[in-house]
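Quick look at final_35.cif (mmCIF, C-alpha atoms):
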data_query
loop_
_atom_site.group_PDB
_atom_site.id
_atom_site.type_symbol
_atom_site.label_atom_id
_atom_site.label_comp_id
_atom_site.auth_asym_id
_atom_site.auth_seq_id
_atom_site.Cartn_x
_atom_site.Cartn_y
_atom_site.Cartn_z
ATOM 1 C CA MET A 64 231.198 183.888 9.759
ATOM 2 C CA PRO A 65 234.912 183.319 10.548
ATOM 3 C CA LYS A 66 236.690 180.513 8.694
ATOM 4 C CA VAL A 67 236.801 177.330 10.773
ATOM 5 C CA GLN A 68 239.665 174.859 10.488
ATOM 6 C CA PRO A 69 238.771 171.216 9.739
ATOM 7 C CA ILE A 70 239.016 168.747 12.618
ATOM 8 C CA GLU A 71 240.330 165.225 12.215
ATOM 9 C CA VAL A 72 237.883 162.399 12.714
ATOM 10 C CA GLY A 73 240.270 160.647 15.126
ATOM 11 C CA ALA A 74 240.111 163.629 17.495
ATOM 12 C CA ILE A 75 236.299 163.493 17.461
ATOM 13 C CA ILE A 76 236.285 159.769 18.301
ATOM 14 C CA GLU A 77 238.942 160.085 21.006
ATOM 15 C CA GLY A 78 237.214 163.010 22.721
ATOM 16 C CA ALA A 79 233.747 161.476 22.629
ATOM 17 C CA ALA A 80 235.029 158.084 23.850
ATOM 18 C CA ARG A 81 236.768 159.780 26.771
ATOM 19 C CA ALA A 82 233.559 161.620 27.642
ATOM 20 C CA VAL A 83 231.665 158.334 28.133
ATOM 21 C CA GLY A 84 234.522 156.525 29.858
ATOM 22 C CA LYS A 85 235.681 154.466 26.884
ATOM 23 C CA ALA A 86 238.997 156.114 26.069
ATOM 24 C CA SER A 87 240.767 152.744 26.213
ATOM 25 C CA ALA A 88 238.034 150.910 24.292
ATOM 26 C CA ARG A 89 237.360 153.030 21.272
ATOM 27 C CA GLY A 90 236.189 149.995 19.317
ATOM 28 C CA GLY A 91 233.429 149.482 21.875
ATOM 29 C CA PHE A 92 232.550 153.167 21.658
ATOM 30 C CA VAL A 93 232.231 152.941 17.868
ATOM 31 C CA ASP A 94 229.977 149.868 18.183
ATOM 32 C CA ASP A 95 227.767 151.793 20.614
ATOM 33 C CA LEU A 96 227.717 154.752 18.256
ATOM 34 C CA ILE A 97 226.632 152.593 15.306
ATOM 35 C CA LYS A 98 223.899 150.995 17.410
ATOM 36 C CA PHE A 99 222.713 154.440 18.501
ATOM 37 C CA GLY A 100 222.630 155.692 14.904
ATOM 38 C CA THR A 101 220.770 152.700 13.434
ATOM 39 C CA PRO A 102 217.120 153.698 12.734
ATOM 40 C CA THR A 103 214.562 151.774 14.778
ATOM 41 C CA SER A 104 212.387 151.584 11.654
ATOM 42 C CA GLY A 105 215.098 149.694 9.747
ATOM 43 C CA GLY A 106 218.007 150.526 7.489
ATOM 44 C CA GLU A 107 221.637 151.374 8.129
ATOM 45 C CA CYS A 108 223.305 153.962 10.286
ATOM 46 C CA ARG A 109 224.470 157.150 8.523
ATOM 47 C CA PRO A 110 227.418 157.243 7.891
ATOM 48 C CA ARG A 111 227.506 153.541 7.079
ATOM 49 C CA PRO A 112 228.878 151.236 9.796
ATOM 50 C CA GLN A 113 231.918 150.250 7.729
ATOM 51 C CA THR A 114 232.730 153.897 7.098
ATOM 52 C CA ILE A 115 232.645 154.614 10.832
ATOM 53 C CA ARG A 116 234.863 151.630 11.622
ATOM 54 C CA ASP A 117 237.325 152.777 8.957
ATOM 55 C CA TYR A 118 237.652 156.041 10.877
ATOM 56 C CA LEU A 119 239.418 154.091 13.652
ATOM 57 C CA ARG A 120 242.175 153.133 11.204
ATOM 58 C CA HIS A 121 242.281 156.451 9.353
ATOM 59 C CA GLY A 122 241.911 159.008 12.096
ATOM 60 C CA SER A 123 243.703 161.762 10.192
ATOM 61 C CA LYS A 124 240.774 162.196 7.801
ATOM 62 C CA SER A 125 238.781 165.399 8.064
ATOM 63 C CA CYS A 126 235.553 164.818 9.990
ATOM 64 C CA THR A 127 232.339 165.042 7.959
ATOM 65 C CA HIS A 128 229.252 166.931 9.088
ATOM 66 C CA MET A 129 227.215 163.720 9.052
ATOM 67 C CA PHE A 130 229.580 161.986 11.474
ATOM 68 C CA ALA A 131 229.897 165.065 13.701
ATOM 69 C CA SER A 132 226.114 165.337 13.890
ATOM 70 C CA LEU A 133 225.813 161.664 14.863
ATOM 71 C CA VAL A 134 228.474 161.972 17.580
ATOM 72 C CA HIS A 135 226.890 165.151 18.973
ATOM 73 C CA ASP A 136 223.476 163.466 19.143
ATOM 74 C CA TYR A 137 225.078 160.493 20.901
ATOM 75 C CA LEU A 138 226.768 162.740 23.459
ATOM 76 C CA ASP A 139 223.575 164.683 24.116
ATOM 77 C CA SER A 140 221.691 161.420 24.626
ATOM 78 C CA ALA A 141 224.401 160.200 27.012
ATOM 79 C CA MET A 142 224.177 163.470 28.949
ATOM 80 C CA ASP A 143 220.383 163.153 29.229
ATOM 81 C CA ALA A 144 220.826 159.578 30.503
ATOM 82 C CA GLN A 145 223.530 160.732 32.961
ATOM 83 C CA LYS A 146 226.137 158.496 31.308
ATOM 84 C CA ILE A 147 228.840 161.153 30.915
ATOM 85 C CA SER A 148 231.834 160.273 33.060
ATOM 86 C CA ASP A 149 234.090 163.206 32.114
ATOM 87 C CA ALA A 150 232.262 166.526 31.899
ATOM 88 C CA SER A 151 235.295 168.397 30.587
ATOM 89 C CA ALA A 152 235.856 165.865 27.792
ATOM 90 C CA TYR A 153 232.156 166.077 26.959
ATOM 91 C CA ALA A 154 232.319 169.872 26.619
ATOM 92 C CA ASP A 155 235.406 169.673 24.401
ATOM 93 C CA ALA A 156 234.012 166.884 22.207
ATOM 94 C CA ALA A 157 230.650 168.618 21.768
ATOM 95 C CA SER A 158 232.430 171.878 20.939
ATOM 96 C CA ASN A 159 234.557 170.098 18.305
ATOM 97 C CA CYS A 160 231.442 168.578 16.744
ATOM 98 C CA ARG A 161 229.800 171.982 16.500
ATOM 99 C CA GLU A 162 232.956 173.370 14.928
ATOM 100 C CA VAL A 163 232.798 170.651 12.261
ATOM 101 C CA LEU A 164 229.155 171.535 11.586
ATOM 102 C CA ARG A 165 230.076 175.188 11.148
ATOM 103 C CA HIS A 166 232.962 174.245 8.856
ATOM 104 C CA HIS A 167 230.574 172.281 6.624
ATOM 105 C CA ARG A 168 227.752 174.811 6.793
ATOM 106 C CA GLU A 169 227.403 175.111 3.021
ATOM 107 C CA ASP A 170 227.351 171.327 2.549
ATOM 108 C CA ARG A 171 224.529 170.994 5.073
ATOM 109 C CA TYR A 172 222.374 173.609 3.372
ATOM 110 C CA VAL A 173 222.876 172.672 -0.280
ATOM 111 C CA ARG A 174 222.871 168.877 -0.076
ATOM 112 C CA PRO A 175 220.009 167.166 -1.929
ATOM 113 C CA PRO A 176 217.182 165.515 -0.001
ATOM 114 C CA HIS A 177 217.852 161.902 1.006
ATOM 115 C CA SER A 178 215.650 158.845 1.379
ATOM 116 C CA ASP A 179 214.839 156.996 4.560
ATOM 117 C CA PRO A 180 217.549 154.349 5.109
ATOM 118 C CA LYS A 181 215.125 151.444 4.708
ATOM 119 C CA GLU A 182 213.951 152.834 1.356
ATOM 120 C CA SER A 183 217.281 153.819 -0.163
ATOM 121 C CA ASP A 184 218.169 150.418 -1.650
ATOM 122 C CA ASN A 185 218.203 150.093 -5.432
ATOM 123 C CA HIS A 186 215.190 147.752 -5.495
ATOM 124 C CA SER A 187 212.912 150.153 -3.598
ATOM 125 C CA LEU A 188 213.949 153.088 -5.751
ATOM 126 C CA ALA A 189 213.724 151.207 -9.073
ATOM 127 C CA ARG A 190 209.939 150.777 -8.714
ATOM 128 C CA PHE A 191 209.392 154.470 -9.346
ATOM 129 C CA LEU A 192 211.840 155.185 -12.157
ATOM 130 C CA GLY A 193 210.365 156.450 -15.402
ATOM 131 C CA ILE A 194 208.286 159.160 -17.022
ATOM 132 C CA TYR A 195 204.980 160.293 -15.530
ATOM 133 C CA ALA A 196 202.144 162.232 -17.125
ATOM 134 C CA ILE A 197 200.841 164.764 -14.610
ATOM 135 C CA HIS A 198 197.225 165.883 -14.260
ATOM 136 C CA ARG A 199 196.558 169.039 -12.229
ATOM 137 C CA ARG A 200 194.323 172.075 -12.522
ATOM 138 C CA ASP A 201 195.799 175.019 -14.390
ATOM 139 C CA SER A 202 196.368 177.763 -11.802
ATOM 140 C CA GLY A 203 195.495 180.400 -14.409
ATOM 141 C CA HIS A 204 192.438 178.582 -15.815
ATOM 142 C CA ARG A 205 190.752 176.583 -13.054
ATOM 143 C CA ASN A 206 188.477 174.669 -15.449
ATOM 144 C CA ALA A 207 191.383 173.327 -17.491
ATOM 145 C CA LEU A 208 194.176 170.846 -16.901
ATOM 146 C CA HIS A 209 197.861 171.722 -17.144
ATOM 147 C CA PRO A 210 199.755 169.029 -19.133
ATOM 148 C CA GLU A 211 203.163 168.265 -17.631
ATOM 149 C CA LEU A 212 205.767 165.517 -17.354
ATOM 150 C CA LEU A 213 207.789 164.334 -14.371
ATOM 151 C CA ILE A 214 210.858 162.183 -15.002
ATOM 152 C CA LEU A 215 212.536 160.238 -12.188
ATOM 153 C CA THR A 216 215.952 158.679 -12.822
ATOM 154 C CA HIS A 217 218.649 157.032 -10.710
ATOM 155 C CA ASP A 218 222.194 157.611 -11.888
ATOM 156 C CA GLY A 219 224.066 156.497 -8.810
ATOM 157 C CA ARG A 220 224.168 153.819 -6.160
ATOM 158 C CA GLY A 221 221.856 153.702 -3.179
ATOM 159 C CA ASP A 222 220.652 157.163 -2.266
ATOM 160 C CA THR A 223 222.868 159.104 -4.697
ATOM 161 C CA GLY A 224 222.063 160.358 -8.187
ATOM 162 C CA LEU A 225 218.290 160.586 -7.722
ATOM 163 C CA PHE A 226 217.549 163.222 -10.367
ATOM 164 C CA ALA A 227 214.146 164.617 -11.318
ATOM 165 C CA THR A 228 213.069 166.617 -14.377
ATOM 166 C CA PHE A 229 209.838 168.595 -14.732
ATOM 167 C CA VAL A 230 208.652 169.474 -18.240
ATOM 168 C CA SER A 231 205.861 171.858 -19.239
ATOM 169 C CA ALA A 232 205.174 174.286 -22.064
ATOM 170 C CA GLN A 233 206.255 177.196 -19.841
ATOM 171 C CA VAL A 234 209.159 175.932 -17.776
ATOM 172 C CA ILE A 235 211.746 173.160 -17.442
ATOM 173 C CA CYS A 236 212.902 172.410 -13.891
ATOM 174 C CA ARG A 237 215.598 170.056 -12.623
ATOM 175 C CA GLY A 238 216.307 168.769 -9.146
ATOM 176 C CA PHE A 239 216.210 165.764 -6.865
ATOM 177 C CA TRP A 240 213.774 163.185 -5.552
ATOM 178 C CA CYS A 241 213.782 160.775 -2.642
ATOM 179 C CA LEU A 242 211.608 158.284 -0.757
ATOM 180 C CA ALA A 243 210.698 159.309 2.786
ATOM 181 C CA GLN A 244 207.999 157.957 5.098
ATOM 182 C CA GLY A 245 206.288 156.168 2.246
ATOM 183 C CA SER A 246 206.020 159.143 -0.108
ATOM 184 C CA ILE A 247 208.029 160.411 -3.068
ATOM 185 C CA ASN A 248 209.376 163.887 -2.424
ATOM 186 C CA VAL A 249 210.507 166.030 -5.368
ATOM 187 C CA VAL A 250 212.314 169.388 -5.192
ATOM 188 C CA LEU A 251 213.077 171.233 -8.450
ATOM 189 C CA HIS A 252 214.058 174.638 -9.786
ATOM 190 C CA GLY A 253 214.538 176.236 -13.195
ATOM 191 C CA GLU A 254 213.639 179.224 -15.377
ATOM 192 C CA ASP A 255 210.762 180.140 -17.670
ATOM 193 C CA ALA A 256 211.076 181.663 -21.140
ATOM 194 C CA ALA A 257 211.458 185.141 -19.594
ATOM 195 C CA ARG A 258 214.330 183.784 -17.474
ATOM 196 C CA ARG A 259 212.379 184.233 -14.265
ATOM 197 C CA ALA A 260 213.251 181.771 -11.503
ATOM 198 C CA GLN A 261 210.738 178.959 -11.045
ATOM 199 C CA TYR A 262 210.427 176.478 -8.170
ATOM 200 C CA VAL A 263 208.408 173.275 -7.902
ATOM 201 C CA THR A 264 207.842 170.938 -4.957
ATOM 202 C CA MET A 265 205.790 167.736 -5.026
ATOM 203 C CA MET A 266 204.869 165.091 -2.483
ATOM 204 C CA LEU A 267 203.456 161.927 -4.050
ATOM 205 C CA LEU A 268 201.864 158.808 -2.613
ATOM 206 C CA GLN A 269 201.520 155.520 -4.488
ATOM 207 C CA ASN A 270 197.982 154.591 -5.436
ATOM 208 C CA SER A 271 196.847 150.964 -5.678
ATOM 209 C CA ALA A 272 194.019 151.528 -8.155
ATOM 210 C CA PHE A 273 195.934 150.045 -11.080
ATOM 211 C CA PRO A 274 198.516 147.433 -9.993
ATOM 212 C CA GLU A 275 200.032 147.146 -13.482
ATOM 213 C CA THR A 276 201.794 150.504 -13.157
ATOM 214 C CA ASN A 277 202.403 153.396 -10.773
ATOM 215 C CA VAL A 278 199.630 155.904 -10.257
ATOM 216 C CA LEU A 279 200.665 158.584 -7.787
ATOM 217 C CA ASN A 280 198.399 160.974 -5.927
ATOM 218 C CA GLY A 281 199.905 164.072 -4.407
ATOM 219 C CA ILE A 282 200.355 167.759 -3.760
ATOM 220 C CA PHE A 283 201.992 170.341 -5.995
ATOM 221 C CA CYS A 284 203.375 173.709 -4.941
ATOM 222 C CA GLY A 285 205.320 176.079 -7.147
ATOM 223 C CA THR A 286 205.755 179.495 -8.704
ATOM 224 C CA ALA A 287 202.829 180.385 -10.959
ATOM 225 C CA THR A 288 203.714 181.047 -14.583
ATOM 226 C CA HIS A 289 200.590 183.230 -14.991
ATOM 227 C CA GLY A 290 201.021 186.014 -12.453
ATOM 228 C CA THR A 291 203.165 186.613 -9.402
ATOM 229 C CA PHE A 292 201.630 184.269 -6.855
ATOM 230 C CA PRO A 293 202.269 180.734 -5.550
ATOM 231 C CA ALA A 294 200.467 177.933 -7.364
ATOM 232 C CA ARG A 295 199.305 174.963 -5.327
ATOM 233 C CA GLY A 296 196.947 172.076 -5.749
ATOM 234 C CA GLN A 297 196.496 168.355 -5.999
ATOM 235 C CA LEU A 298 197.727 166.151 -8.797
ATOM 236 C CA ILE A 299 197.618 162.673 -10.259
ATOM 237 C CA ALA A 300 200.793 161.328 -11.870
ATOM 238 C CA VAL A 301 200.553 158.275 -14.123
ATOM 239 C CA GLN A 302 203.639 156.282 -15.076
ATOM 240 C CA ILE A 303 203.929 155.830 -18.815
ATOM 241 C CA PRO A 304 204.549 152.140 -19.627
ATOM 242 C CA ARG A 305 208.242 151.503 -20.108
ATOM 243 C CA ASP A 306 207.669 149.799 -23.443
ATOM 244 C CA GLN A 307 206.497 153.184 -24.758
ATOM 245 C CA VAL A 308 209.485 155.140 -23.444
ATOM 246 C CA SER A 309 212.980 155.046 -24.915
ATOM 247 C CA LYS A 310 215.939 155.112 -22.554
ATOM 248 C CA ARG A 311 217.070 158.256 -24.330
ATOM 249 C CA ALA A 312 213.791 159.989 -23.428
ATOM 250 C CA LEU A 313 214.541 159.492 -19.724
ATOM 251 C CA TYR A 314 217.391 161.951 -20.161
ATOM 252 C CA MET A 315 215.568 164.612 -22.155
ATOM 253 C CA GLY A 316 216.476 166.980 -19.312
ATOM 254 C CA ASP A 317 219.993 167.086 -20.757
ATOM 255 C CA GLU A 318 218.560 169.065 -23.682
ATOM 256 C CA ASN A 319 218.316 172.848 -23.678
ATOM 257 C CA ASP A 320 215.159 174.377 -22.183
ATOM 258 C CA ARG A 321 213.830 176.238 -25.212
ATOM 259 C CA PHE A 322 213.901 173.089 -27.355
ATOM 260 C CA LEU A 323 211.907 171.084 -24.798
ATOM 261 C CA ARG A 324 209.419 173.865 -24.034
ATOM 262 C CA SER A 325 208.625 174.495 -27.693
ATOM 263 C CA ARG A 326 208.273 170.810 -28.596
ATOM 264 C CA PHE A 327 206.099 170.091 -25.567
ATOM 265 C CA ALA A 328 203.893 173.140 -26.192
ATOM 266 C CA ALA A 329 203.385 172.171 -29.842
ATOM 267 C CA ALA A 330 202.472 168.593 -28.948
ATOM 268 C CA THR A 331 200.069 169.280 -26.078
ATOM 269 C CA SER A 332 198.300 172.479 -27.127
ATOM 270 C CA SER A 333 195.364 170.551 -28.592
ATOM 271 C CA GLU A 334 194.827 168.199 -25.644
ATOM 272 C CA PRO A 335 191.108 168.301 -24.662
ATOM 273 C CA THR A 336 190.220 168.709 -20.990
ATOM 274 C CA ASN A 337 189.478 165.391 -19.290
ATOM 275 C CA GLU A 338 186.375 166.239 -17.273
ATOM 276 C CA ALA A 339 186.576 163.062 -15.191
ATOM 277 C CA ILE A 340 190.110 163.901 -14.030
ATOM 278 C CA LEU A 341 189.130 167.519 -13.451
ATOM 279 C CA ARG A 342 186.236 166.418 -11.250
ATOM 280 C CA LEU A 343 188.436 164.058 -9.258
ATOM 281 C CA LEU A 344 191.009 166.786 -8.631
ATOM 282 C CA GLY A 345 188.340 168.767 -6.782
ATOM 283 C CA THR A 346 187.781 172.487 -6.742
ATOM 284 C CA GLY A 347 190.415 173.643 -4.284
ATOM 285 C CA PHE A 348 193.408 172.835 -2.110
ATOM 286 C CA GLU A 349 191.177 171.931 0.828
ATOM 287 C CA ASP A 350 189.386 169.228 -1.167
ATOM 288 C CA THR A 351 191.428 166.134 -0.296
ATOM 289 C CA ARG A 352 189.617 163.466 -2.301
ATOM 290 C CA VAL A 353 192.690 162.779 -4.483
ATOM 291 C CA LEU A 354 194.772 162.118 -1.374
ATOM 292 C CA ASP A 355 192.313 159.600 0.085
ATOM 293 C CA PRO A 356 192.694 156.186 -1.604
ATOM 294 C CA ALA A 357 189.276 155.154 -0.284
ATOM 295 C CA THR A 358 187.775 157.894 -2.466
ATOM 296 C CA ALA A 359 190.273 158.200 -5.305
ATOM 297 C CA ASN A 360 190.704 154.519 -6.158
ATOM 298 C CA PRO A 361 187.007 153.674 -6.698
ATOM 299 C CA GLU A 362 186.528 156.817 -8.801
ATOM 300 C CA LEU A 363 189.578 156.040 -10.940
ATOM 301 C CA THR A 364 188.699 152.387 -11.538
ATOM 302 C CA ALA A 365 185.032 153.224 -12.190
ATOM 303 C CA THR A 366 185.952 155.856 -14.785
ATOM 304 C CA PHE A 367 189.022 154.391 -16.481
ATOM 305 C CA VAL A 368 189.490 150.849 -17.786
ATOM 306 C CA ASN A 369 193.211 150.827 -16.957
ATOM 307 C CA SER A 370 196.084 153.177 -16.232
ATOM 308 C CA ARG A 371 196.848 153.679 -19.937
ATOM 309 C CA ALA A 372 193.495 155.395 -20.319
ATOM 310 C CA LEU A 373 194.806 158.043 -17.910
ATOM 311 C CA ILE A 374 197.696 158.995 -20.203
ATOM 312 C CA PRO A 375 196.907 161.845 -22.634
ATOM 313 C CA THR A 376 197.389 160.895 -26.278
ATOM 314 C CA THR A 377 199.308 164.106 -26.929
ATOM 315 C CA ILE A 378 201.870 163.156 -24.269
ATOM 316 C CA LEU A 379 202.511 159.856 -26.034
ATOM 317 C CA GLN A 380 202.781 161.679 -29.363
ATOM 318 C CA PHE A 381 205.294 164.100 -27.847
ATOM 319 C CA LEU A 382 207.489 161.234 -26.633
ATOM 320 C CA GLU A 383 207.205 159.383 -29.931
ATOM 321 C CA GLY A 384 208.107 162.415 -32.020
ATOM 322 C CA LEU A 385 210.851 163.793 -29.776
ATOM 323 C CA ASN A 386 214.103 163.766 -31.735
ATOM 324 C CA LEU A 387 216.987 163.757 -29.274
ATOM 325 C CA ASP A 388 219.580 162.624 -31.806
ATOM 326 C CA ARG A 389 219.364 165.660 -34.067
#

The structure given in the file should be rewritten as structure tokens.
Amino acid sequence: MPKVQPIEVGAIIEGAARAVGKASARGGFVDDLIKFGTPTSGGECRPRPQTIRDYLRHGSKSCTHMFASLVHDYLDSAMDAQKISDASAYADAASNCREVLRHHREDRYVRPPHSDPKESDNHSLARFLGIYAIHRRDSGHRNALHPELLILTHDGRGDTGLFATFVSAQVICRGFWCLAQGSINVVLHGEDAARRAQYVTMMLLQNSAFPETNVLNGIFCGTATHGTFPARGQLIAVQIPRDQVSKRALYMGDENDRFLRSRFAAATSSEPTNEAILRLLGTGFEDTRVLDPATANPELTATFVNSRALIPTTILQFLEGLNLDR
């Protein structure tokens, strides 16, 4: 792909405003653009409204792919509604937007997942921060559970710095998480002890069985550590009470992989299989009982006194004995 020169944001605004007959009222064009980009379900326009208005005063800045995408969508919508007053200006402006998108191709492909605008505020995200014990069937031994941890942290502001860590005896994975359409979406990657690439994806939905903490039902998909095939299945993730988790433990992902794998394996190797959880997880991917709150919640509350009863003792022992200040 040939190298594409960056385009100034002022040129994008001027061309698009001319295309819809607002060359002399660029402020009005920007207001229309912000209104167009504001989600009907709630939340702010992306880029933020103030950022877009700042572009009017600082037109020499290089245009971002997010702004170019918004302007292109706006122009396409105007064309569909027959609101383009200058076809030549439209063609030039749309072409410039596509050039910006090509220039930022790598940014568009490698950027982390982002939350829905209405769910990207700090309060919404803070509800799910912490360490979760994961219950899922072992892909190599279907009648056993695979002990794992999922750690969700927020090291930024708004929708930035949403980091996730996945810990098991075989692999440590790191990546991102976000809130979208009511579910937690997690995308991670890492290596196992043989330095083979490993990938994990989860989609989690909050369960209301135990209001005192987060219990998440969801789907897991990843690279199997026992054999060369994809592993998939359903899972239950239980948030470990924050009074039993040190702030330092939230950042255990900063440690090296071998240290975490070995400590986790030593702590969880003796964990007995919880038959009640195994039964609830079903026998296959098509069995959706975990994903249906009408089924999952009564079974959970009938079997377990509270959410703490869902947390394996060995997981708590691992967290208690983990020395991160060595």

Using only C-alpha atoms, the residue out of A:Asp136, A:Glu77, A:Asp94, A:Glu338 with shortest distance to Gln113 in chain A is A:Asp94

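Considering all atoms listed in the file, the residue among A:Leu188, A:Lys310, A:Thr286, A:Pro176 positioned nearest to Val249 in chain A is A:Pro176.
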
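Close contacts of His121 in chain A, defined as residues with an atom at most 10 Å away when counting all atoms listed in the file, with chain neighbours fewer than 6 positions off set aside, comprise Glu71, Val72, Gly73 and Ile115 of chain A.
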
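Distance check against Asp320 in chain A using only C-alpha atoms: of A:Val230, A:Ile194, A:Asp170, A:Ala154, the minimum falls on A:Val230.
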
Might I get the box with edges along x, y and z of the file that holds all atoms of range 156-159 of chain A listed there, padded by 4 Å on every side, given as centre and edge lengths in Å to one decimal, as JSON?
{"center_x": 232.6, "center_y": 169.4, "center_z": 20.3, "size_x": 11.9, "size_y": 13.0, "size_z": 11.9}
